[in-house]
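Structure first, commentary second.
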Amino acid sequence: MSLKAPPSPAATGGGRGGRAPRPVSRRSGLARLGPLPWIAPVILLILFVVVWPVVELVRTSFLNISISGKVRGSAGTDKYKKLFEETDLGSVLIWTVIWTVVVVAFTMLISLALAQLFNQKFPGRTITRWALIAPWAASVLMTAIGFKWMLNQTAGVLNTVMIDLGLIDGPQDWLGESSTAWPWMMAVAIFVSLPFTTYTLLAGLQTIPGEVYEASRIDGAGTWQTYRYITLPMLRPAFLIGVVINLINVFNSFPIIWAMTQGGPGYDTSTSMVFMYKLKETDIGESAAMSVVNFALVVVLVLIFLKVSRWNEED
């Protein structure tokens, strides 16, 4: 009778000396990619919506294109030379900066006050909060046209009321002169910018813990001291978001100016966006060059603000 020895551990893959090979997991392959599979659609969307149009814009600014849209070859830097030789470009850029700074500054100041008001408890707070959404919900173009009718020289309600009250002797052409058109357009731009900015700051105020204010009262801090040393520093992230988004939106604002004055008379009430739109009627390549300049300017404005505000530093 023969006895068979049991198989050795090495032959069966058992024991400490050897282990059975494990199948390669597909999951480990995906793990090496990290979050890339999840953010890839967003990256592709950004490339398609942002990067590709910018590349096409820069490419177009170096082409010679007819009014009908036919490409007639390369223009080199001729379109940029022609753009910077425009006599009205300097004043347009100055007014663009003034327009952006004034509208954003007043929007942030008024929104700070409104956000502080809506953060308090008072009768009718819910109704007033809903009412503030109205300028945001309405079309910007529709709002601008409404103000244009109100400021009309012959049938505008503003002239009618002011004449009846004896404030002016006769009807005024409020949008016919740049000295009066700019303040009114700025007022409309501030009006339509308030809802978003106010709610952004209100959301920031509501994240501040109540215990912080209670501690400040125990320490004997006054209202102004509490607002200056507690509220404003803790509101900084929301404030920065509001300023950056408003800088971009106001700089690129087109419907308000176009609907109210179309940038006229001449270029007296034109920003760089309206100036760019008007250039396309005579030279598409020059208009594209102005668009590249606009893109560079808004990037510079945002970077300057972020540098001055020290956005990445914590108090």
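Each chain of the structure tokens is named A, B, ... in the order shown, its residues numbered from 1; ligands are numbered from 1 in display order.
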* Shell around stretch 93-109 of chain A at 6 Å using only C-alpha atoms, local window under 6 positions removed, as a ChimeraX atom specification -> /A:186,190,194,250-251,271
Mind writing the picked residues with all heavy atoms as a PDB file, in the first residue's frame?
ATOM      1  N   MET A 186     -25.460 105.287 -15.112  1.00  0.00           N
ATOM      2  CA  MET A 186     -24.833 104.711 -13.929  1.00  0.00           C
ATOM      3  C   MET A 186     -25.875 104.336 -12.885  1.00  0.00           C
ATOM      4  O   MET A 186     -25.782 103.284 -12.227  1.00  0.00           O
ATOM      5  CB  MET A 186     -23.826 105.699 -13.334  1.00  0.00           C
ATOM      6  CG  MET A 186     -22.577 105.888 -14.176  1.00  0.00           C
ATOM      7  SD  MET A 186     -21.467 107.152 -13.492  1.00  0.00           S
ATOM      8  CE  MET A 186     -20.123 107.113 -14.684  1.00  0.00           C
ATOM      9  N   ILE A 190     -26.448 100.606 -11.414  1.00  0.00           N
ATOM     10  CA  ILE A 190     -26.444 100.317  -9.968  1.00  0.00           C
ATOM     11  C   ILE A 190     -27.752  99.644  -9.564  1.00  0.00           C
ATOM     12  O   ILE A 190     -27.750  98.676  -8.794  1.00  0.00           O
ATOM     13  CB  ILE A 190     -26.235 101.622  -9.164  1.00  0.00           C
ATOM     14  CG1 ILE A 190     -24.833 102.187  -9.441  1.00  0.00           C
ATOM     15  CG2 ILE A 190     -26.432 101.385  -7.674  1.00  0.00           C
ATOM     16  CD1 ILE A 190     -24.632 103.595  -8.907  1.00  0.00           C
ATOM     17  N   LEU A 194     -27.880  95.792  -7.734  1.00  0.00           N
ATOM     18  CA  LEU A 194     -28.107  95.708  -6.285  1.00  0.00           C
ATOM     19  C   LEU A 194     -28.619  94.343  -5.814  1.00  0.00           C
ATOM     20  O   LEU A 194     -28.143  93.844  -4.787  1.00  0.00           O
ATOM     21  CB  LEU A 194     -29.080  96.801  -5.843  1.00  0.00           C
ATOM     22  CG  LEU A 194     -28.523  98.219  -5.766  1.00  0.00           C
ATOM     23  CD1 LEU A 194     -29.621  99.198  -5.372  1.00  0.00           C
ATOM     24  CD2 LEU A 194     -27.374  98.295  -4.769  1.00  0.00           C
ATOM     25  N   VAL A 250     -20.043  94.793 -14.906  1.00  0.00           N
ATOM     26  CA  VAL A 250     -20.194  96.212 -15.235  1.00  0.00           C
ATOM     27  C   VAL A 250     -19.270  96.597 -16.383  1.00  0.00           C
ATOM     28  O   VAL A 250     -19.656  97.346 -17.283  1.00  0.00           O
ATOM     29  CB  VAL A 250     -19.923  97.076 -13.988  1.00  0.00           C
ATOM     30  CG1 VAL A 250     -19.938  98.558 -14.345  1.00  0.00           C
ATOM     31  CG2 VAL A 250     -20.970  96.795 -12.918  1.00  0.00           C
ATOM     32  N   PHE A 251     -18.041  96.081 -16.367  1.00  0.00           N
ATOM     33  CA  PHE A 251     -17.121  96.391 -17.457  1.00  0.00           C
ATOM     34  C   PHE A 251     -17.690  95.907 -18.790  1.00  0.00           C
ATOM     35  O   PHE A 251     -17.572  96.596 -19.807  1.00  0.00           O
ATOM     36  CB  PHE A 251     -15.766  95.733 -17.193  1.00  0.00           C
ATOM     37  CG  PHE A 251     -14.723  96.066 -18.227  1.00  0.00           C
ATOM     38  CD1 PHE A 251     -13.881  97.150 -18.051  1.00  0.00           C
ATOM     39  CD2 PHE A 251     -14.587  95.305 -19.383  1.00  0.00           C
ATOM     40  CE1 PHE A 251     -12.923  97.470 -19.011  1.00  0.00           C
ATOM     41  CE2 PHE A 251     -13.639  95.613 -20.343  1.00  0.00           C
ATOM     42  CZ  PHE A 251     -12.798  96.698 -20.158  1.00  0.00           C
ATOM     43  N   THR A 271     -18.723 103.069 -23.812  1.00  0.00           N
ATOM     44  CA  THR A 271     -17.660 102.345 -23.136  1.00  0.00           C
ATOM     45  C   THR A 271     -16.923 101.519 -24.191  1.00  0.00           C
ATOM     46  O   THR A 271     -17.288 101.520 -25.364  1.00  0.00           O
ATOM     47  CB  THR A 271     -18.222 101.420 -22.046  1.00  0.00           C
ATOM     48  OG1 THR A 271     -19.109 100.460 -22.657  1.00  0.00           O
ATOM     49  CG2 THR A 271     -18.976 102.206 -20.991  1.00  0.00           C
TER      50      THR A 271
END
* To do: For A:Leu57, work out the shell of residues within 8 Å, counting only C-alpha atoms and skipping chain neighbours fewer than 3 positions away, then give it as a PyMOL selection string.
  => chain A and resi 53-54+60-61+288-289+291-292
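The shortest atom-to-atom distance to A:Gly73, with only C-alpha atoms taken into account, belongs to A:Arg59 out of A:Arg59, A:Ser178, A:Phe196, A:Ser253.
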* Please return as a list in words: the residues of stretch 62-265 of chain A that backbone DSSP assigns to strand (DSSP E). =>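 Across stretch 62-265 of chain A, those assigned strand (DSSP E) are Leu63, Asn64, Ile65, Val71, Arg72, Gly73 and Ser74 of chain A.
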* Skip stretch 115-129 of chain A itself and residues of its chain fewer than 2 positions away, then list as a PyMOL selection string all residues within 12 Å of it, counting only C-alpha atoms. => chain A and resi 107-113+131-136+194-208+227+231-232+235+238-239
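With only C-alpha atoms as the atoms that count, the residue of A:Phe275, A:Ala296, A:Glu286, A:Pro183 with the shortest distance to A:Thr77 is A:Glu286.
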* Could you give me the residues within stretch 219-299 of chain A that DSSP places in alpha helix (DSSP H), as a count of residues only? => 53
* Which one is closest to A:Phe191: A:Ala144, A:Met162, A:Val293, A:Leu36? Count only C-alpha atoms. ->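 Using only C-alpha atoms, A:Phe191 sits closest to A:Ala144.
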